[in-house]
$ cat data-v5.tsv   # TSV, C-alpha atoms and all ligand atoms
chain	number	residue	atom	x	y	z
A	1	MET	CA	49.94	9.50	-14.45
A	2	SER	CA	52.52	7.88	-16.76
A	3	LEU	CA	51.42	7.40	-20.38
A	4	HIS	CA	50.78	3.76	-21.20
A	5	SER	CA	51.06	1.69	-24.37
A	6	GLU	CA	47.43	2.48	-25.38
A	7	TYR	CA	48.46	6.12	-25.84
A	8	PHE	CA	51.31	5.12	-28.19
A	9	ASP	CA	49.05	2.71	-30.10
A	10	GLY	CA	47.07	5.86	-30.97
A	11	VAL	CA	50.22	7.81	-31.90
A	12	TYR	CA	51.47	5.09	-34.28
A	13	ALA	CA	47.99	4.73	-35.82
A	14	GLU	CA	48.73	8.15	-37.39
A	15	GLY	CA	51.68	6.79	-39.41
A	16	ASP	CA	54.94	4.84	-39.35
A	17	ASP	CA	57.09	7.76	-38.18
A	18	PRO	CA	54.79	10.15	-36.31
A	19	PHE	CA	57.74	11.99	-34.70
A	20	GLY	CA	59.55	12.56	-38.02
A	21	LEU	CA	62.64	10.81	-36.64
A	22	SER	CA	63.87	9.64	-40.04
A	23	THR	CA	63.16	12.88	-41.94
A	24	SER	CA	63.69	15.93	-39.74
A	25	TRP	CA	66.97	17.89	-39.70
A	26	TYR	CA	66.22	18.75	-36.04
A	27	GLU	CA	66.38	15.04	-35.16
A	28	ASP	CA	69.38	14.34	-37.40
A	29	ARG	CA	71.36	17.15	-35.77
A	30	LYS	CA	70.27	16.05	-32.30
A	31	TYR	CA	71.43	12.49	-32.98
A	32	SER	CA	74.83	13.86	-34.04
A	33	ILE	CA	75.08	15.85	-30.78
A	34	THR	CA	74.04	12.73	-28.87
A	35	MET	CA	76.67	10.53	-30.47
A	36	ALA	CA	79.38	13.20	-30.07
A	37	SER	CA	78.52	13.52	-26.35
A	38	LEU	CA	79.13	9.85	-25.50
A	39	PRO	CA	82.27	9.92	-23.37
A	40	GLN	CA	83.61	6.49	-24.41
A	41	ARG	CA	84.72	5.49	-27.89
A	42	ARG	CA	83.01	2.11	-27.52
A	43	TYR	CA	80.51	0.46	-25.19
A	44	ARG	CA	80.24	-3.20	-24.33
A	45	ARG	CA	76.52	-3.49	-23.56
A	46	ALA	CA	73.97	-0.70	-23.97
A	47	LEU	CA	70.26	-0.20	-23.28
A	48	GLU	CA	68.05	2.14	-25.31
A	49	PRO	CA	64.50	2.36	-23.90
A	50	GLY	CA	61.97	3.97	-26.27
A	51	CYS	CA	63.80	3.20	-29.52
A	52	SER	CA	60.76	3.81	-31.78
A	53	ILE	CA	61.64	2.96	-35.41
A	54	GLY	CA	65.35	2.55	-34.66
A	55	VAL	CA	66.91	5.69	-36.20
A	56	LEU	CA	69.13	6.43	-33.19
A	57	THR	CA	69.55	2.67	-32.69
A	58	GLN	CA	71.34	2.49	-36.03
A	59	ARG	CA	73.90	5.05	-34.90
A	60	LEU	CA	74.30	3.54	-31.43
A	61	ALA	CA	74.88	0.09	-32.92
A	62	GLU	CA	78.06	1.44	-34.56
A	63	ARG	CA	79.57	2.24	-31.12
A	64	CYS	CA	78.24	-0.69	-29.06
A	65	ASP	CA	79.32	-4.35	-29.05
A	66	SER	CA	75.76	-5.21	-28.05
A	67	LEU	CA	72.59	-3.20	-27.66
A	68	VAL	CA	69.15	-3.88	-26.19
A	69	SER	CA	66.57	-1.49	-27.68
A	70	THR	CA	62.99	-1.44	-26.41
A	71	ASP	CA	59.62	0.10	-27.05
A	72	VAL	CA	56.18	-0.31	-25.52
A	73	VAL	CA	54.31	-0.98	-28.79
A	74	ASP	CA	54.85	-3.37	-31.71
A	75	PRO	CA	54.55	-1.26	-34.91
A	76	PRO	CA	57.74	0.81	-34.40
A	77	LEU	CA	59.63	-2.26	-33.14
A	78	ARG	CA	58.76	-4.08	-36.37
A	79	LEU	CA	60.19	-1.20	-38.43
A	80	ALA	CA	63.24	-0.93	-36.18
A	81	ARG	CA	64.02	-4.63	-36.72
A	82	THR	CA	63.96	-4.04	-40.49
A	83	ARG	CA	66.07	-0.87	-40.26
A	84	VAL	CA	68.75	-2.38	-38.02
A	85	GLU	CA	69.69	-5.82	-39.22
A	86	SER	CA	72.43	-6.68	-36.76
A	87	GLU	CA	72.90	-9.75	-34.60
A	88	ASP	CA	74.34	-7.44	-31.95
A	89	VAL	CA	71.05	-5.55	-31.47
A	90	ARG	CA	68.15	-7.16	-29.62
A	91	PHE	CA	64.72	-5.51	-29.81
A	92	VAL	CA	62.40	-6.15	-26.86
A	93	LYS	CA	58.87	-4.99	-26.08
A	94	TRP	CA	59.50	-3.49	-22.66
A	95	SER	CA	58.67	-0.32	-20.72
A	96	LEU	CA	61.04	1.62	-18.50
A	97	THR	CA	58.54	1.08	-15.70
A	98	GLU	CA	58.71	-2.74	-15.94
A	99	ASN	CA	61.08	-5.13	-14.20
A	100	TRP	CA	64.65	-4.49	-15.38
A	101	ASN	CA	65.57	-8.16	-14.95
A	102	VAL	CA	63.81	-8.73	-18.29
A	103	VAL	CA	66.47	-6.68	-20.12
A	104	ASP	CA	69.33	-7.18	-17.68
A	105	PRO	CA	69.05	-10.62	-16.01
A	106	ASP	CA	72.68	-10.45	-14.83
A	107	ALA	CA	72.17	-7.07	-13.03
A	108	ALA	CA	74.56	-4.11	-13.42
A	109	ALA	CA	75.57	-5.41	-16.83
A	110	PHE	CA	75.07	-2.21	-18.83
A	111	ASP	CA	77.87	0.27	-19.41
A	112	LEU	CA	75.51	2.63	-21.29
A	113	VAL	CA	71.86	3.63	-20.92
A	114	VAL	CA	70.48	6.15	-23.43
A	115	LEU	CA	67.21	7.93	-22.59
A	116	SER	CA	66.37	9.86	-25.73
A	117	GLU	CA	62.94	11.53	-25.65
A	118	VAL	CA	61.33	9.00	-23.34
A	119	GLY	CA	61.56	10.24	-19.72
A	120	TYR	CA	58.70	12.75	-19.99
A	121	TYR	CA	56.15	10.00	-20.66
A	122	LEU	CA	56.54	8.89	-17.03
A	123	ASP	CA	55.14	10.71	-14.04
A	124	GLU	CA	57.60	11.87	-11.42
A	125	ARG	CA	57.12	8.87	-9.11
A	126	ASP	CA	57.62	6.32	-11.91
A	127	LEU	CA	60.59	8.23	-13.31
A	128	ARG	CA	62.30	8.45	-9.88
A	129	ARG	CA	61.80	4.73	-9.37
A	130	SER	CA	63.10	3.84	-12.82
A	131	MET	CA	66.14	6.14	-12.51
A	132	ASP	CA	67.03	4.49	-9.18
A	133	THR	CA	66.78	1.14	-10.98
A	134	ALA	CA	68.79	2.43	-13.96
A	135	ALA	CA	71.61	3.49	-11.62
A	136	ALA	CA	71.58	0.01	-10.07
A	137	HIS	CA	71.78	-1.67	-13.49
A	138	LEU	CA	74.78	0.37	-14.67
A	139	GLU	CA	78.25	-0.96	-13.96
A	140	PRO	CA	80.44	1.40	-11.89
A	141	GLY	CA	81.71	4.17	-14.19
A	142	GLY	CA	79.01	3.40	-16.78
A	143	THR	CA	77.31	6.18	-18.74
A	144	LEU	CA	73.70	7.39	-18.63
A	145	LEU	CA	72.95	9.87	-21.41
A	146	ALA	CA	69.60	11.69	-21.38
A	147	VAL	CA	68.32	14.04	-24.09
A	148	HIS	CA	64.87	15.66	-24.14
A	149	TRP	CA	62.72	18.28	-25.87
A	150	ARG	CA	62.34	21.30	-23.57
A	151	HIS	CA	59.05	22.79	-24.79
A	152	PRO	CA	55.96	21.73	-22.81
A	153	VAL	CA	53.64	19.19	-24.47
A	154	ALA	CA	50.10	19.13	-23.06
A	155	ASP	CA	49.76	15.34	-22.89
A	156	TYR	CA	53.14	14.65	-21.26
A	157	PRO	CA	53.34	14.33	-17.45
A	158	LEU	CA	56.76	16.07	-17.28
A	159	THR	CA	58.81	18.57	-19.28
A	160	GLY	CA	62.31	17.74	-20.45
A	161	ASP	CA	63.81	20.03	-17.80
A	162	GLN	CA	61.79	18.28	-15.07
A	163	VAL	CA	63.04	14.90	-16.33
A	164	HIS	CA	66.61	16.12	-16.09
A	165	GLY	CA	65.95	17.46	-12.58
A	166	VAL	CA	64.86	13.98	-11.47
A	167	ILE	CA	67.89	12.32	-13.07
A	168	ALA	CA	70.27	14.84	-11.49
A	169	ASP	CA	68.74	13.99	-8.06
A	170	THR	CA	69.32	10.25	-8.51
A	171	ASP	CA	71.69	8.70	-6.00
A	172	GLY	CA	74.59	6.95	-7.71
A	173	LEU	CA	74.70	9.22	-10.78
A	174	SER	CA	77.10	12.15	-11.16
A	175	ARG	CA	76.94	14.70	-13.95
A	176	LEU	CA	79.82	14.68	-16.43
A	177	GLY	CA	78.62	17.39	-18.82
A	178	GLY	CA	75.94	18.43	-21.23
A	179	TYR	CA	74.53	20.66	-23.93
A	180	VAL	CA	71.49	22.89	-23.76
A	181	ASP	CA	69.71	25.24	-26.15
A	182	GLU	CA	66.21	26.62	-26.37
A	183	ASP	CA	64.82	23.34	-27.73
A	184	LEU	CA	66.76	20.50	-26.15
A	185	ILE	CA	68.62	19.50	-23.03
A	186	LEU	CA	71.26	16.76	-23.16
A	187	GLU	CA	73.15	15.59	-20.08
A	188	VAL	CA	75.69	12.86	-19.51
A	189	PHE	CA	75.96	11.16	-16.13
A	190	THR	CA	78.45	8.63	-14.78
A	191	ALA	CA	77.45	5.79	-12.46
A	192	SER	CA	79.33	6.99	-9.39
A	193	ASN	CA	78.79	9.12	-6.31
A	194	GLU	CA	82.21	10.72	-6.87
A	195	ARG	CA	82.85	13.57	-9.27
A	196	PRO	CA	83.70	11.82	-12.58
A	197	GLN	CA	87.01	12.34	-14.37
A	198	SER	CA	86.81	14.49	-17.49
A	199	ILE	CA	87.62	12.86	-20.83
A	200	ALA	CA	90.93	14.74	-20.99
A	201	GLN	CA	91.80	13.59	-17.45
A	202	SER	CA	91.02	9.97	-18.27
A	203	GLU	CA	93.22	10.26	-21.41
A	204	GLY	CA	96.05	11.74	-19.31
A	205	LEU	CA	95.83	15.09	-21.13
A	206	ALA	CA	94.81	17.26	-18.17
B	301	LIG	C1	59.71	10.30	-29.36
B	301	LIG	S1	60.02	8.59	-29.55
B	301	LIG	C2	61.77	8.61	-29.28
B	301	LIG	C3	62.51	7.62	-30.13
B	301	LIG	C4	64.02	7.58	-29.95
B	301	LIG	N1	64.42	7.36	-28.57
B	301	LIG	C5	64.66	8.83	-30.48
B	301	LIG	O1	65.08	9.68	-29.72
B	301	LIG	O2	64.69	8.94	-31.69
B	301	LIG	C6	59.48	7.90	-28.00
B	301	LIG	C7	59.25	6.41	-28.00
B	301	LIG	O3	59.22	5.95	-26.65
B	301	LIG	C8	58.26	4.92	-26.52
B	301	LIG	N2	57.88	4.86	-25.10
B	301	LIG	C9	56.93	5.57	-24.46
B	301	LIG	N3	56.90	5.26	-23.14
B	301	LIG	C10	57.85	4.33	-22.96
B	301	LIG	C11	58.31	3.61	-21.83
B	301	LIG	N4	57.77	3.78	-20.62
B	301	LIG	N5	59.31	2.71	-21.99
B	301	LIG	C12	59.88	2.51	-23.22
B	301	LIG	N6	59.49	3.18	-24.33
B	301	LIG	C13	58.49	4.07	-24.21
B	301	LIG	C14	57.15	5.35	-27.48
B	301	LIG	O4	56.35	4.28	-27.89
B	301	LIG	C15	57.94	5.98	-28.63
B	301	LIG	O5	58.17	5.06	-29.65
$ encode --input "data-v5.tsv" --output "structure tokens"
Amino acid sequence: MSLHSEYFDGVYAEGDDPFGLSTSWYEDRKYSITMASLPQRRYRRALEPGCSIGVLTQRLAERCDSLVSTDVVDPPLRLARTRVESEDVRFVKWSLTENWNVVDPDAAAFDLVVLSEVGYYLDERDLRRSMDTAAAHLEPGGTLLAVHWRHPVADYPLTGDQVHGVIADTDGLSRLGGYVDEDLILEVFTASNERPQSIAQSEGLA
């Protein structure tokens, strides 16, 4: 079963930053890999489900004209709003499993969706459904970047590798590239059923 907001109420009762997102070198390095892996220099309209206290949000905001960042509970959203004071970033209480029209009323309006450490809170059925919906809410050629911890966590319905297996199976997404080590898996997908052009090809270099 997917983990619901009650579970995260308990997690954030332990402290403001229970995942150490603002203090750990592991996270800082991972955010740098994430930002370096985005295939476009800039994005027009991005979605970041599971933003927590907004540490990655701050970095994404520098590359996106507008950004919708969501979480399922209020305490981290309150801190994220304080951390990221930008008119271009909208924070919304919303779960990946809810209706996407709430965050994307115009449909297919996103050119970037970032799933950073959030997919493994869903069970396989919910994740498959929400990845199908994510593909439908990306404009053609848009980017979906996913990055997840690979070590099993007892409470989580899926491992990071299982999450990436589900995303790779999603119709309408094609893998552009990625990075993997013992701890993390990061993959970049393009909204297309065709093999995407490499960055060098799209720049006319290859
Ligand atoms: C480990 S933190 C990741 C924060 C951020 N994405 C990062 O990588 O730094 C996961 C966050 O996802 C939120 N979350 C859990 N399930 C979610 C869901 N179904 N939709 C949106 N956010 C969710 C949690 O409340 C938590 O704040």
$ residues_near_ligand --input "data-v5.tsv" --ligand "ligand LIG 301 (chain B)" --cutoff "8 Å" --atoms "all atoms listed in the file" --output "VMD selection string"
chain A and resid 2 to 5 8 to 9 19 21 27 31 48 to 57 70 to 73 76 94 to 97 115 to 119 121 to 122 147
$ write_last_selection --input "data-v5.tsv" --atoms "C-alpha atoms" --output "compact mmCIF listing (two decimals), in the coordinates of the input"
# COMPACT_ATOMS: atom_id res chain seq x y z
CA SER A 2 52.52 7.88 -16.76
CA LEU A 3 51.42 7.40 -20.38
CA HIS A 4 50.78 3.76 -21.20
CA SER A 5 51.06 1.69 -24.37
CA PHE A 8 51.31 5.12 -28.19
CA ASP A 9 49.05 2.71 -30.10
CA PHE A 19 57.74 11.99 -34.70
CA LEU A 21 62.64 10.81 -36.64
CA GLU A 27 66.38 15.04 -35.16
CA TYR A 31 71.43 12.49 -32.98
CA GLU A 48 68.05 2.14 -25.31
CA PRO A 49 64.50 2.36 -23.90
CA GLY A 50 61.97 3.97 -26.27
CA CYS A 51 63.80 3.20 -29.52
CA SER A 52 60.76 3.81 -31.78
CA ILE A 53 61.64 2.96 -35.41
CA GLY A 54 65.35 2.55 -34.66
CA VAL A 55 66.91 5.69 -36.20
CA LEU A 56 69.13 6.43 -33.19
CA THR A 57 69.55 2.67 -32.69
CA THR A 70 62.99 -1.44 -26.41
CA ASP A 71 59.62 0.10 -27.05
CA VAL A 72 56.18 -0.31 -25.52
CA VAL A 73 54.31 -0.98 -28.79
CA PRO A 76 57.74 0.81 -34.40
CA TRP A 94 59.50 -3.49 -22.66
CA SER A 95 58.67 -0.32 -20.72
CA LEU A 96 61.04 1.62 -18.50
CA THR A 97 58.54 1.08 -15.70
CA LEU A 115 67.21 7.93 -22.59
CA SER A 116 66.37 9.86 -25.73
CA GLU A 117 62.94 11.53 -25.65
CA VAL A 118 61.33 9.00 -23.34
CA GLY A 119 61.56 10.24 -19.72
CA TYR A 121 56.15 10.00 -20.66
CA LEU A 122 56.54 8.89 -17.03
CA VAL A 147 68.32 14.04 -24.09
$ residues_around --input "data-v5.tsv" --residues "Trp149 of chain A" --least-positions-apart "5" --cutoff "8 Å" --atoms "only C-alpha atoms" --output "ChimeraX atom specification"
/A:117,159-160,183-185
$ atom_distance --input "data-v5.tsv" --atom1 "atom CA of Asp126 of chain A" --atom2 "atom CA of His148 of chain A"
17.0 Å
$ closest_residue --input "data-v5.tsv" --among "A:Pro140, A:Gly178, A:Pro196, A:Pro105" --to "Ala36 of chain A" --atoms "only C-alpha atoms"
A:Gly178
$ residues_around --input "data-v5.tsv" --residues "Arg129 of chain A" --least-positions-apart "6" --cutoff "12 Å" --atoms "all atoms listed in the file" --output "JSON, numbers by chain"
{"A": [96, 97, 98, 99, 100, 119, 122, 123, 135, 136, 166, 167, 169, 170, 171]}
$ closest_residue --input "data-v5.tsv" --among "A:Arg81, A:Arg128, A:His137, A:Lys30" --to "Gly165 of chain A" --atoms "all atoms listed in the file"
A:Arg128
$ atom_distance --input "data-v5.tsv" --atom1 "atom CA of His151 of chain A" --atom2 "atom CA of Glu182 of chain A"
8.3 Å
$ residues_around --input "data-v5.tsv" --residues "Val89 of chain A" --least-positions-apart "4" --cutoff "7 Å" --atoms "all atoms listed in the file" --output "list in words"
Ala61, Ser66, Leu67 and Val68 of chain A
$ closest_residue --input "data-v5.tsv" --among "A:Leu112, A:Glu85, A:Ser174, A:Ser24" --to "Arg63 of chain A" --atoms "all atoms listed in the file"
A:Leu112
$ atom_distance --input "data-v5.tsv" --atom1 "atom CA of Glu187 of chain A" --atom2 "atom CA of Ala206 of chain A"
21.8 Å
$ residues_near_point --input "data-v5.tsv" --point "(76.1, 5.5, -31.4)" --cutoff "10 Å" --atoms "only C-alpha atoms" --output "list in words"
Tyr31, Ser32, Thr34, Met35, Ala36, Ser37, Leu38, Arg41, Arg42, Tyr43, Ala46, Leu56, Thr57, Gln58, Arg59, Leu60, Ala61, Glu62, Arg63, Cys64 and Val114 of chain A
$ residues_around --input "data-v5.tsv" --residues "Leu138 of chain A" --least-positions-apart "3" --cutoff "9 Å" --atoms "all atoms listed in the file" --output "list in words"
Ala107, Ala108, Ala109, Phe110, Asp111, Leu112, Val113, Thr133, Ala134, Ala135, Gly141, Gly142, Thr143, Leu144 and Ala191 of chain A
$ axis_aligned_box --input "data-v5.tsv" --around "segment 52-70 of chain A" --padding-each-side "6 Å" --output "AutoDock Vina command-line options"
--center_x 70.2 --center_y 0.6 --center_z -31.2 --size_x 30.8 --size_y 23.6 --size_z 22.0
